[in-house]
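A.B. asks: You'll find query_25.txt just under this line, and it carries compact mmCIF, C-alpha atoms (C1' of nucleotides).
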# COMPACT_ATOMS: atom_id res chain seq x y z
CA MET Y 181 6.12 17.22 17.21
CA ASN Y 182 9.18 16.13 19.10
CA SER Y 183 11.71 18.42 20.63
CA ASP Y 184 14.30 15.74 21.24
CA LYS Y 185 16.02 16.06 17.91
CA ASN Y 186 19.15 14.21 18.86
CA ARG Y 187 17.67 10.92 19.72
CA PHE Y 188 19.22 9.51 16.57
CA GLU Y 189 22.92 9.59 16.19
CA GLU Y 190 24.07 9.97 12.66
CA ILE Y 191 27.14 8.16 11.55
CA GLY Y 192 28.06 7.66 7.99
CA THR Y 193 30.51 8.72 5.40
CA PRO Y 194 30.65 12.05 3.54
CA ASP Y 195 28.78 10.85 0.47
CA ASP Y 196 25.97 9.30 2.43
CA LEU Y 197 22.47 9.46 1.12
CA ARG Y 198 19.95 11.64 2.88
CA LEU Y 199 16.63 10.11 2.10
CA GLU Y 200 14.76 13.24 3.07
CA LYS Y 201 16.67 15.17 0.42
CA PHE Y 202 16.49 12.47 -2.23
CA LEU Y 203 14.30 13.68 -5.05
CA PRO Y 204 12.64 10.39 -6.01
CA TYR Y 205 11.67 9.84 -2.40
CA ARG Y 206 10.31 13.32 -1.96
CA LEU Y 207 8.30 13.11 -5.13
CA SER Y 208 6.81 9.86 -4.02
CA VAL Y 209 5.81 11.14 -0.60
CA LEU Y 210 4.34 14.30 -2.04
CA SER Y 211 2.44 12.54 -4.77
CA ASN Y 212 1.02 9.99 -2.36
CA ARG Y 213 -0.15 12.59 0.08
CA VAL Y 214 -1.88 14.56 -2.60
CA SER Y 215 -3.42 11.56 -4.33
CA ASN Y 216 -4.67 10.04 -1.14
CA ALA Y 217 -6.39 13.19 -0.03
CA ILE Y 218 -8.08 13.60 -3.36
CA ALA Y 219 -8.97 9.94 -3.75
CA GLN Y 220 -10.73 10.17 -0.45
CA ALA Y 221 -12.68 13.24 -1.51
CA TYR Y 222 -13.83 11.67 -4.77
CA GLY Y 223 -14.48 8.30 -3.21
CA GLN Y 224 -16.58 9.66 -0.38
CA ARG Y 225 -18.80 11.74 -2.55
CA PHE Y 226 -19.15 9.76 -5.75
CA GLU Y 227 -17.95 6.20 -5.38
CA LEU Y 228 -15.07 6.94 -7.73
CA THR Y 229 -11.53 5.64 -7.75
CA ILE Y 230 -8.71 7.72 -9.14
CA PRO Y 231 -8.40 5.69 -12.35
CA ALA Y 232 -12.13 5.94 -12.90
CA TRP Y 233 -12.06 9.64 -12.30
CA ARG Y 234 -9.27 10.02 -14.82
CA VAL Y 235 -11.28 8.23 -17.42
CA MET Y 236 -14.21 10.52 -16.78
CA ALA Y 237 -11.98 13.57 -16.94
CA ILE Y 238 -10.87 12.59 -20.41
CA LEU Y 239 -14.27 11.54 -21.65
CA GLY Y 240 -15.71 14.79 -20.41
CA ARG Y 241 -13.55 16.64 -22.87
CA PHE Y 242 -13.23 14.11 -25.65
CA PRO Y 243 -16.35 12.15 -26.52
CA ASP Y 244 -16.43 8.94 -28.54
CA LEU Y 245 -13.16 7.49 -27.43
CA SER Y 246 -12.28 3.81 -27.27
CA ALA Y 247 -10.41 2.19 -24.41
CA ALA Y 248 -7.27 2.21 -26.51
CA ASP Y 249 -7.63 5.93 -27.06
CA LEU Y 250 -7.87 6.35 -23.33
CA VAL Y 251 -4.68 4.42 -22.85
CA GLU Y 252 -2.97 6.80 -25.21
CA GLN Y 253 -4.31 9.86 -23.43
CA THR Y 254 -3.84 8.93 -19.81
CA ALA Y 255 -0.55 7.05 -19.47
CA MET Y 256 -2.54 4.40 -17.65
CA ASP Y 257 -2.32 0.83 -18.75
CA LYS Y 258 -4.82 -1.31 -20.65
CA VAL Y 259 -5.93 -3.30 -17.68
CA ALA Y 260 -6.46 -0.31 -15.44
CA ILE Y 261 -8.54 1.32 -18.13
CA SER Y 262 -10.56 -1.81 -18.72
CA ARG Y 263 -11.38 -2.09 -15.05
CA ALA Y 264 -12.19 1.56 -14.65
CA VAL Y 265 -14.45 1.44 -17.68
CA SER Y 266 -16.32 -1.59 -16.37
CA ALA Y 267 -16.83 0.06 -13.02
CA LEU Y 268 -18.06 3.27 -14.60
CA PHE Y 269 -20.39 1.32 -16.81
CA ARG Y 270 -21.80 -0.55 -13.83
CA ASN Y 271 -22.51 2.77 -12.17
CA ASP Y 272 -24.17 4.12 -15.29
CA TYR Y 273 -21.62 6.89 -15.51
CA ILE Y 274 -20.69 6.03 -19.07
CA THR Y 275 -22.21 4.35 -22.11
CA ARG Y 276 -20.59 1.79 -24.35
CA SER Y 277 -21.66 1.45 -27.93
CA GLU Y 278 -20.38 -0.81 -30.61
CA ASP Y 279 -18.34 0.70 -33.37
CA PRO Y 280 -20.04 -0.43 -36.56
CA GLY Y 281 -16.78 -0.13 -38.47
CA ASP Y 282 -14.82 -2.34 -36.08
CA ARG Y 283 -16.71 -4.77 -33.93
CA ARG Y 284 -13.91 -5.16 -31.41
CA ARG Y 285 -13.96 -1.53 -30.53
CA GLN Y 286 -16.40 0.10 -28.16
CA VAL Y 287 -17.15 3.75 -28.25
CA LEU Y 288 -17.34 5.32 -24.83
CA ASN Y 289 -19.18 8.39 -23.64
CA LEU Y 290 -20.37 9.97 -20.45
CA SER Y 291 -23.99 9.22 -19.77
CA PRO Y 292 -26.23 12.09 -18.66
CA LEU Y 293 -25.69 10.96 -15.09
CA GLY Y 294 -21.97 10.74 -15.75
CA ARG Y 295 -21.84 14.20 -17.18
CA ASP Y 296 -23.70 15.49 -14.21
CA VAL Y 297 -21.18 13.94 -11.84
CA TYR Y 298 -18.35 15.15 -14.03
CA GLU Y 299 -19.60 18.68 -13.79
CA ARG Y 300 -19.71 18.48 -10.06
CA ILE Y 301 -16.28 16.96 -9.73
CA VAL Y 302 -14.43 19.38 -11.93
CA PRO Y 303 -14.87 22.27 -9.49
CA LEU Y 304 -13.91 20.02 -6.61
CA ALA Y 305 -10.75 18.99 -8.39
CA GLN Y 306 -9.99 22.58 -9.23
CA GLN Y 307 -10.52 23.53 -5.66
CA TYR Y 308 -7.89 21.06 -4.55
CA GLU Y 309 -5.49 22.25 -7.15
CA ASN Y 310 -6.09 25.87 -6.31
CA ASP Y 311 -5.53 25.15 -2.69
CA LEU Y 312 -2.21 23.55 -3.48
CA MET Y 313 -1.20 26.30 -5.86
CA ALA Y 314 -2.16 28.95 -3.34
CA SER Y 315 0.96 28.05 -1.42
CA LEU Y 316 3.06 29.14 -4.41
CA SER Y 317 3.74 32.50 -5.96
CA VAL Y 318 2.91 33.14 -9.58
CA GLU Y 319 6.53 32.73 -10.60
CA GLU Y 320 6.84 29.55 -8.64
CA ARG Y 321 3.90 28.10 -10.49
CA GLN Y 322 5.56 28.72 -13.81
CA GLN Y 323 8.81 27.38 -12.53
CA LEU Y 324 7.13 24.25 -11.30
CA ASP Y 325 5.41 23.77 -14.60
CA SER Y 326 8.59 23.91 -16.58
CA ILE Y 327 10.55 21.86 -14.05
CA ILE Y 328 8.02 19.08 -14.16
CA GLU Y 329 8.20 19.02 -17.93
CA LYS Y 330 11.94 18.68 -17.83
CA LEU Y 331 11.97 15.96 -15.21
CA MET Y 332 9.22 14.13 -17.02
CA GLY Y 333 11.23 14.19 -20.20
CA ARG Y 334 14.28 12.82 -18.48
CA ALA Y 335 12.37 10.04 -16.72
CA GLN Y 336 10.67 9.28 -19.98
CA THR Y 337 13.92 8.50 -21.69
CA TRP Y 338 14.78 6.11 -18.87
CA ALA Y 339 11.71 4.14 -19.69
CA GLU Y 340 12.34 4.17 -23.40
CA ARG Y 341 16.02 3.58 -23.72
CA GLY Y 342 16.48 1.29 -20.77
CA LEU Y 343 18.09 2.36 -17.54
CA ILE Y 344 21.37 4.02 -16.91
CA ASP Y 345 24.31 1.67 -17.58
CA MET T 1422 5.10 9.03 -32.32
CA ASN T 1423 1.91 9.98 -34.06
CA SER T 1424 1.51 12.90 -36.40
CA ASP T 1425 -2.28 12.80 -36.50
CA LYS T 1426 -2.85 15.13 -33.62
CA ASN T 1427 -6.43 15.88 -34.38
CA ARG T 1428 -7.85 12.48 -34.10
CA PHE T 1429 -9.59 13.58 -30.93
CA GLU T 1430 -12.12 16.30 -31.08
CA GLU T 1431 -12.32 18.36 -27.98
CA ILE T 1432 -15.67 19.61 -26.83
CA GLY T 1433 -16.23 20.96 -23.41
CA THR T 1434 -17.01 24.08 -21.55
CA PRO T 1435 -14.65 26.94 -20.70
CA ASP T 1436 -13.78 25.73 -17.23
CA ASP T 1437 -13.10 22.20 -18.29
CA LEU T 1438 -10.36 20.27 -16.62
CA ARG T 1439 -7.26 19.45 -18.58
CA LEU T 1440 -5.88 16.36 -17.02
CA GLU T 1441 -2.47 16.87 -18.56
CA LYS T 1442 -2.21 20.22 -16.77
CA PHE T 1443 -3.67 19.05 -13.49
CA LEU T 1444 -0.97 19.12 -10.86
CA PRO T 1445 -1.98 16.05 -8.86
CA TYR T 1446 -2.07 14.01 -12.04
CA ARG T 1447 1.27 15.26 -13.26
CA LEU T 1448 2.90 14.60 -9.91
CA SER T 1449 1.57 11.10 -9.92
CA VAL T 1450 2.79 10.31 -13.41
CA LEU T 1451 6.19 11.79 -12.73
CA SER T 1452 6.61 10.04 -9.44
CA ASN T 1453 5.56 6.70 -10.87
CA ARG T 1454 7.92 6.95 -13.78
CA VAL T 1455 10.83 7.79 -11.56
CA SER T 1456 10.04 5.21 -8.93
CA ASN T 1457 9.47 2.45 -11.41
CA ALA T 1458 12.74 3.04 -13.16
CA ILE T 1459 14.62 3.05 -9.91
CA ALA T 1460 12.78 0.12 -8.41
CA GLN T 1461 13.76 -1.86 -11.43
CA ALA T 1462 17.39 -0.90 -11.07
CA TYR T 1463 17.50 -1.87 -7.41
CA GLY T 1464 15.45 -4.97 -7.88
CA GLN T 1465 17.48 -6.34 -10.74
CA ARG T 1466 20.78 -5.93 -9.01
CA PHE T 1467 20.02 -6.62 -5.38
CA GLU T 1468 16.63 -8.21 -4.83
CA LEU T 1469 15.44 -5.07 -3.09
CA THR T 1470 12.05 -3.46 -3.07
CA ILE T 1471 11.66 0.27 -2.62
CA PRO T 1472 10.45 0.04 0.97
CA ALA T 1473 13.34 -2.26 1.82
CA TRP T 1474 15.78 0.07 0.18
CA ARG T 1475 14.39 2.97 2.18
CA VAL T 1476 14.91 1.08 5.38
CA MET T 1477 18.49 0.38 4.42
CA ALA T 1478 19.05 3.98 3.45
CA ILE T 1479 18.04 5.08 6.93
CA LEU T 1480 19.87 2.34 8.78
CA GLY T 1481 23.00 3.14 6.81
CA ARG T 1482 23.07 6.56 8.40
CA PHE T 1483 21.46 5.87 11.73
CA PRO T 1484 22.42 2.64 13.46
CA ASP T 1485 20.53 1.02 16.31
CA LEU T 1486 17.05 2.07 15.35
CA SER T 1487 13.86 0.23 16.15
CA ALA T 1488 11.05 -0.32 13.68
CA ALA T 1489 9.11 2.47 15.34
CA ASP T 1490 12.03 4.82 14.85
CA LEU T 1491 12.00 3.89 11.18
CA VAL T 1492 8.33 4.73 10.94
CA GLU T 1493 9.11 8.12 12.33
CA GLN T 1494 11.94 8.71 9.88
CA THR T 1495 10.46 7.41 6.65
CA ALA T 1496 6.81 8.39 6.48
CA MET T 1497 6.10 4.74 5.78
CA ASP T 1498 3.62 2.85 7.87
CA LYS T 1499 4.14 0.25 10.55
CA VAL T 1500 3.20 -2.69 8.44
CA ALA T 1501 5.32 -1.71 5.47
CA ILE T 1502 8.28 -1.34 7.76
CA SER T 1503 7.61 -4.64 9.44
CA ARG T 1504 7.51 -6.41 6.12
CA ALA T 1505 10.56 -4.70 4.75
CA VAL T 1506 12.48 -5.51 7.90
CA SER T 1507 11.51 -9.18 7.73
CA ALA T 1508 12.59 -9.39 4.11
CA LEU T 1509 15.89 -7.70 4.82
CA PHE T 1510 16.46 -10.00 7.75
CA ARG T 1511 15.76 -13.04 5.61
CA ASN T 1512 18.37 -11.82 3.12
CA ASP T 1513 20.88 -11.24 5.89
CA TYR T 1514 21.03 -7.57 5.04
CA ILE T 1515 20.24 -6.49 8.57
CA THR T 1516 20.56 -7.81 12.11
CA ARG T 1517 17.92 -7.73 14.79
CA SER T 1518 18.92 -7.72 18.42
CA GLU T 1519 16.80 -7.56 21.49
CA ASP T 1520 16.73 -4.39 23.44
CA PRO T 1521 17.56 -5.48 27.01
CA GLY T 1522 15.70 -2.50 28.43
CA ASP T 1523 12.50 -3.23 26.54
CA ARG T 1524 11.87 -6.73 25.35
CA ARG T 1525 9.28 -5.70 22.76
CA ARG T 1526 11.75 -3.57 20.93
CA GLN T 1527 14.30 -4.86 18.48
CA VAL T 1528 17.38 -2.95 17.61
CA LEU T 1529 18.16 -3.02 13.91
CA ASN T 1530 21.44 -2.60 12.08
CA LEU T 1531 22.93 -3.29 8.70
CA SER T 1532 24.88 -6.53 8.67
CA PRO T 1533 28.31 -6.48 7.03
CA LEU T 1534 26.68 -7.84 3.91
CA GLY T 1535 23.99 -5.21 4.18
CA ARG T 1536 26.48 -2.43 4.55
CA ASP T 1537 28.29 -3.72 1.56
CA VAL T 1538 25.15 -3.60 -0.52
CA TYR T 1539 24.28 -0.23 0.93
CA GLU T 1540 27.59 1.16 -0.17
CA ARG T 1541 27.05 -0.07 -3.66
CA ILE T 1542 23.52 1.25 -3.91
CA VAL T 1543 24.17 4.74 -2.68
CA PRO T 1544 26.18 5.68 -5.75
CA LEU T 1545 23.60 4.10 -7.99
CA ALA T 1546 20.86 6.10 -6.34
CA GLN T 1547 22.93 9.23 -6.60
CA GLN T 1548 23.54 8.55 -10.22
CA TYR T 1549 19.81 8.46 -10.87
CA GLU T 1550 19.26 11.60 -8.95
CA ASN T 1551 22.11 13.38 -10.70
CA ASP T 1552 20.79 12.30 -14.01
CA LEU T 1553 17.41 13.79 -13.17
CA MET T 1554 18.91 16.95 -11.75
CA ALA T 1555 21.12 17.37 -14.76
CA SER T 1556 18.07 18.44 -16.70
CA LEU T 1557 17.66 21.42 -14.35
CA SER T 1558 19.71 24.55 -13.84
CA VAL T 1559 21.14 25.36 -10.45
CA GLU T 1560 18.42 27.90 -9.81
CA GLU T 1561 15.76 25.47 -10.85
CA ARG T 1562 17.05 22.95 -8.35
CA GLN T 1563 16.68 25.41 -5.54
CA GLN T 1564 13.29 26.44 -6.77
CA LEU T 1565 12.17 22.85 -6.90
CA ASP T 1566 13.43 22.23 -3.43
CA SER T 1567 11.48 25.07 -1.94
CA ILE T 1568 8.39 24.39 -4.03
CA ILE T 1569 8.27 20.80 -2.87
CA GLU T 1570 8.52 21.92 0.72
CA LYS T 1571 5.60 24.26 0.29
CA LEU T 1572 3.40 21.76 -1.48
CA MET T 1573 4.27 19.13 1.06
CA GLY T 1574 3.23 21.44 3.84
CA ARG T 1575 -0.07 22.15 2.21
CA ALA T 1576 -0.85 18.53 1.50
CA GLN T 1577 0.18 17.70 5.02
CA THR T 1578 -2.47 19.93 6.49
CA TRP T 1579 -5.07 18.19 4.34
CA ALA T 1580 -4.17 14.95 6.00
CA GLU T 1581 -4.20 16.43 9.48
CA ARG T 1582 -7.19 18.68 9.50
CA GLY T 1583 -9.43 16.72 7.23
CA LEU T 1584 -10.18 17.71 3.67
CA ILE T 1585 -11.40 20.95 2.24
CA ASP T 1586 -15.00 21.72 3.17
C1' DC D 178 0.21 -6.67 43.49
C1' DG D 179 -3.91 -6.66 39.76
C1' DA D 180 -6.49 -4.06 36.51
C1' DT D 181 -6.28 -0.82 32.72
C1' DG D 182 -4.41 1.49 29.03
C1' DG D 183 -0.63 2.36 25.81
C1' DT D 184 3.24 0.81 22.76
C1' DG D 185 6.21 -2.27 19.62
C1' DG D 186 5.58 -5.30 16.30
C1' DT D 187 3.27 -9.13 13.61
C1' DT D 188 -0.57 -11.56 11.43
C1' DA D 189 -4.73 -12.15 8.80
C1' DC D 190 -7.74 -10.79 5.35
C1' DA D 191 -9.53 -7.97 1.83
C1' DA D 192 -8.77 -4.74 -1.84
C1' DT D 193 -5.61 -3.04 -5.53
C1' DT D 194 -2.32 -3.75 -8.91
C1' DG D 195 0.54 -5.85 -12.65
C1' DA D 196 1.95 -9.41 -15.93
C1' DA D 197 0.75 -12.63 -18.84
C1' DA D 198 -2.49 -15.48 -21.07
C1' DC D 199 -6.43 -15.23 -23.55
C1' DC D 200 -10.53 -14.48 -27.00
C1' DA D 201 -12.53 -12.36 -30.76
C1' DA D 202 -12.24 -9.42 -34.71
C1' DT D 203 -9.38 -7.37 -38.19
C1' DG D 204 -5.52 -6.91 -41.35
C1' DT D 205 -1.98 -8.92 -44.22
C1' DT D 206 0.35 -12.10 -47.05
C1' DA D 207 0.63 -15.57 -50.33
C1' DT J 555 -9.07 -17.77 -49.14
C1' DA J 556 -6.06 -20.16 -45.82
C1' DA J 557 -2.52 -19.01 -42.73
C1' DC J 558 -0.43 -15.79 -39.71
C1' DA J 559 0.28 -11.62 -37.29
C1' DT J 560 -1.88 -7.61 -35.00
C1' DT J 561 -5.20 -5.07 -32.34
C1' DG J 562 -9.07 -4.17 -28.86
C1' DG J 563 -10.34 -5.61 -24.79
C1' DT J 564 -11.07 -8.97 -20.82
C1' DT J 565 -9.79 -12.53 -17.58
C1' DT J 566 -6.80 -14.93 -14.53
C1' DC J 567 -3.43 -15.41 -11.14
C1' DA J 568 0.13 -13.86 -8.24
C1' DA J 569 2.35 -10.15 -5.85
C1' DT J 570 1.76 -5.74 -3.24
C1' DT J 571 -0.64 -2.94 -0.16
C1' DG J 572 -3.90 -1.20 3.47
C1' DT J 573 -6.82 -1.91 7.54
C1' DA J 574 -7.87 -3.94 11.46
C1' DA J 575 -7.26 -7.25 14.79
C1' DC J 576 -4.00 -9.16 17.53
C1' DC J 577 -0.15 -10.67 21.02
C1' DA J 578 3.39 -9.58 24.08
C1' DC J 579 5.33 -6.42 26.94
C1' DC J 580 5.57 -2.19 29.59
C1' DA J 581 3.69 1.65 32.57
C1' DT J 582 0.51 3.63 35.67
C1' DC J 583 -2.71 3.88 39.26
C1' DG J 584 -5.81 2.02 42.70
Is it possible to express this structure as structure tokens?

C.D. replies:
Amino acid sequence: MNSDKNRFEEIGTPDDLRLEKFLPYRLSVLSNRVSNAIAQAYGQRFELTIPAWRVMAILGRFPDLSAADLVEQTAMDKVAISRAVSALFRNDYITRSEDPGDRRRQVLNLSPLGRDVYERIVPLAQQYENDLMASLSVEERQQLDSIIEKLMGRAQTWAERGLID
Amino acid sequence: MNSDKNRFEEIGTPDDLRLEKFLPYRLSVLSNRVSNAIAQAYGQRFELTIPAWRVMAILGRFPDLSAADLVEQTAMDKVAISRAVSALFRNDYITRSEDPGDRRRQVLNLSPLGRDVYERIVPLAQQYENDLMASLSVEERQQLDSIIEKLMGRAQTWAERGLID
DNA sequence: CGATGGTGGTTACAATTGAAACCAATGTTA
DNA sequence: TAACATTGGTTTCAATTGTAACCACCATCG
């Protein structure tokens, strides 16, 4: 984009921090790029936000869940789920029915319309993922899988046991 | 946490989408966990948001940049930079001086206080990164590096050339 | 010059998000 | 069964973020 690479003069000490090499930063940029592209695809075609789509993705596989179950499955928080569920309900993508055993709880399911949309989104989602994965070799895909698990585990313990120091 | 793994009954067709295996989802969860932990660490100690910290990280290495230069270096947008810069200026972490050659432009630098904070944050940031990286082998770190580059490239083209289809 | 278009940066406003308070129903204890 | 704590879910309010409009300055071209 710009051939004048030395416009910026670097100073700084040996143990300086190179943002462009800093893993948390890179993860954030990558994740945002990917999510934004996909959010746009879903949003354009089906009036769906990412949280709403996640809820549908879970309900498509696991019927009869409550909002609390969704929280457990998605790593999203209560409020986000509640809002996504309301929006989906407004669009007639899901049904809410009362749990006779516990009148606080509502049992959620895809409606026929919702299932229809679900079945059209799944291939779209897979297409995006395939397109991403196509830039990696088979070994790299496995590597990535296991690396993500490890990093996730480490970051998880940060959240649980408080931060370093 | 919960030994009753079969509370949820999976239905679904062969080519169903498993959210927990879906790369965009996993990236997003991972990135959020990492960022949140770090944001909290910075925020607690130095009243710094992530965007503000990014600006400092760049200015620490490259003095005399303008806001536009920061946009170029950080992949953040104009407005985010503008806000981060204002906040940093309010806290006396950076200085703004007028560019005599172009009176729209302001030349930014860390103040002595800012540099002081910068020098205390860099090790903290590195500590987080090291802690993450410690869960990976040396080969895995290289693999991750190159995988991220590839994925980034792919996602980049989505943004540039419009979406798939 | 004077008009026109581009650039650096900020402001305004709407949409999204998060934290905490909240309500209703259930469970628990005495 | 009265009191209290817990759980499912929603609402409220403030903080964060994104988009577009905007102002001031600079550059170009007639």

A.B. asks: Quick one: residues within 9 Å of region 574-577 of chain J, only C-alpha atoms (C1' of nucleotides), excluding same-chain residues fewer than 4 positions away - as number ranges by chain?

C.D. replies: D: 187-189

A.B. asks: Output the selection as an mmCIF file, in the coordinates of the input - C-alpha atoms (C1' of nucleotides) for each residue.

C.D. replies:
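That gives us selection-v6.cif:
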data_model
loop_
_atom_site.group_PDB
_atom_site.id
_atom_site.type_symbol
_atom_site.label_atom_id
_atom_site.label_comp_id
_atom_site.auth_asym_id
_atom_site.auth_seq_id
_atom_site.Cartn_x
_atom_site.Cartn_y
_atom_site.Cartn_z
ATOM 1 C "C1'" DT D 187 3.270 -9.130 13.610
ATOM 2 C "C1'" DT D 188 -0.570 -11.560 11.430
ATOM 3 C "C1'" DA D 189 -4.730 -12.150 8.800
#

A.B. asks: If I put a ball of radius 7 Å at (6.0, -2.4, -1.2) in the file's coordinates, which residues poke into it when counting only C-alpha atoms (C1' of nucleotides), written as a list in words?

C.D. replies: Thr1470, Ile1471, Pro1472 and Ala1501 of chain T; DT570 and DT571 of chain J

A.B. asks: Might you pull out every residue within 7 Å of region 327-339 of chain Y, with all atoms listed in the file counted and same-chain residues fewer than 3 positions away left off, and present them as a list in words?

C.D. replies: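 Neighbouring residues, sequence-local ones excluded: Gln323, Leu324, Gly342 and Leu343 of chain Y; Leu1451, Arg1454, Val1455, Ala1458, Leu1553 and Ser1556 of chain T.
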
A.B. asks: How many Å separate CA of Leu1534 (chain T) from CA of Glu1493 (chain T)?

C.D. replies: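 Taking CA of Leu1534 (chain T) as the start and CA of Glu1493 (chain T) as the end point, the length is 25.2 Å.
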
A.B. asks: Quick one: residues within 8 Å of region 198-202 of chain D, all atoms listed in the file counted, chain neighbours fewer than 3 positions away excluded, as a count of residues only?

C.D. replies: 5

A.B. asks: As a list in words, could you give me every residue of chain J near chain Y (at most 8 Å apart, counting all atoms listed in the file)?

C.D. replies: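 Close to chain Y, chain J has DG562, DG563 and DT564 of chain J.
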